[in-house]
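Enquirer: Please see the structure below; I have some questions.
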Amino acid sequence: MHVRVFLARYRSYDPCSDCGGTRLNREARSYRVDELDLATWHRLSIAEANAHVRHLTCRDAGAARACEVLRTRLQYLEAVGLGHLALDRQARTLSGGEAQRVSLTAALGTSLVGALFVVDEPTVGLHVTDVPPLVEALRALARAGNAVVVIEHDPRVVAACDRVVELGPGAGPHGGRILFDGTPAELAKRADLPSSA
């Protein structure tokens, strides 16, 4: 770590004078889709790109398949509350919750079956109105035949689970005991759990 800190003094992020920071060569920048070049597409937010892709007309089966893949991935990203992110946003600038939700949509897009997904507090930084679509995305992973383990405190996410395991009674060395193991409905009837658990 100390070497990274030392080298950081001599490293900076500067836009390329030739491409203007688009990271595309001249030939790639010459292509246009729906009157927008690739650099302009990359500057769109996920919600804006999704709206554009929904209205594209495709000329052949290959283009139709590409559009369908794009629509599906963009819809997943928007559904889990990432519609505000620009497509060219660097991964290192994402919050922990945003990075997890990006990974979650990648898993949804690949149609994995029989996999184990462990998601740690995916609602961090998420607006309350975006929680239900996130829950639906997690449920979709489970319905596809995967096991989804979610570490979460949001009551709406907990209520959508098939099984709840409550650990406590405190954090760190004060935790580690199973306080509850059952359904959300059974958890709601319990009055003996610590309020801080």
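Every chain in the structure tokens takes a letter, A first, then B, and so on in the order presented; its residues are numbered from 1, and the ligands are numbered from 1 following the presented order.
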With only C-alpha atoms as the counted atoms, please give the residues lying no more than 12 Å from Ala47 (chain A), apart from itself and same-chain residues fewer than 3 positions off, as number ranges by chain.

Expert: A: 41, 43-44, 50-54, 71, 73-87

Enquirer: Under the rule of at most 9 Å, produce a per-residue listing of region 23-137 of chain A near region 145-150 of chain A: chain, number, name, the closest pair of atoms, and the distance in Å, as CSV, using only C-alpha atoms.

Expert:
residue,atom,partner,partner_atom,distance
A:Leu112,CA,A:Asn146,CA,7.5
A:Val113,CA,A:Gly145,CA,5.2
A:Gly114,CA,A:Asn146,CA,4.7
A:Ala115,CA,A:Asn146,CA,5.0
A:Leu116,CA,A:Ala147,CA,4.8
A:Phe117,CA,A:Val148,CA,4.8
A:Val118,CA,A:Val149,CA,4.7
A:Val119,CA,A:Val150,CA,4.8
A:Asp120,CA,A:Val150,CA,6.0
A:Glu121,CA,A:Val150,CA,7.0
A:Pro122,CA,A:Val150,CA,8.1

Enquirer: As number ranges by chain, please: every residue in region 34-78 of chain A that a backbone DSSP assignment puts in helix (DSSP H, G or I).

Expert: A: 38-43, 46-54, 61-78

Enquirer: Write out as a tab-separated table a residue-level contact list of region 84-152 of chain A versus region 10-26 of chain A with cut-off 12 Å: for each qualifying residue the closest pair of atoms and the distance in Å to one decimal, counting only C-alpha atoms, rows sorted by chain and residue number upward.

Expert:
residue	atom	partner	partner_atom	distance
A:Leu87	CA	A:Thr22	CA	11.5
A:Asp88	CA	A:Thr22	CA	8.5
A:Arg89	CA	A:Thr22	CA	11.3
A:Gln90	CA	A:Tyr13	CA	11.5

Enquirer: Which is closest to Asp181 (chain A) among A:Thr129, A:Val157, A:Val164, A:Gly62, if we use only C-alpha atoms?

Expert: A:Val164

Enquirer: Taking into account only C-alpha atoms, which residue in the set A:Ala8, A:Leu187, A:Ala49, A:Glu98 is nearest to Pro155 (chain A)?

Expert: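 Distance minimum relative to Pro155 (chain A) lands on A:Leu187.
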
Enquirer: Taking into account only C-alpha atoms, which residue in the set A:Arg163, A:Ser95, A:Ile178, A:His42 is nearest to Arg29 (chain A)?

Expert: A:His42

Enquirer: What are the DSSP strand (DSSP E or B) residues of region 71-134 of chain A, as a ChimeraX atom specification?

Expert: /A:86,116-120

Enquirer: Output C-alpha atoms for every residue in that selection, as a PDB file, in the first residue's frame.

Expert:
ATOM      1  CA  ALA A  86     -23.430   7.665 -17.093  1.00  0.00           C
ATOM      2  CA  LEU A 116     -24.681 -18.861  -5.136  1.00  0.00           C
ATOM      3  CA  PHE A 117     -24.894 -15.055  -4.901  1.00  0.00           C
ATOM      4  CA  VAL A 118     -23.913 -13.250  -1.697  1.00  0.00           C
ATOM      5  CA  VAL A 119     -25.002  -9.593  -1.701  1.00  0.00           C
ATOM      6  CA  ASP A 120     -23.886  -7.326   1.152  1.00  0.00           C
TER       7      ASP A 120
END

Enquirer: Report, in Å with one decimal, the straight-line distance from CA of Leu179 (chain A) to CA of Glu166 (chain A).

Expert: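 Between these atoms lies a distance of 5.4 Å.
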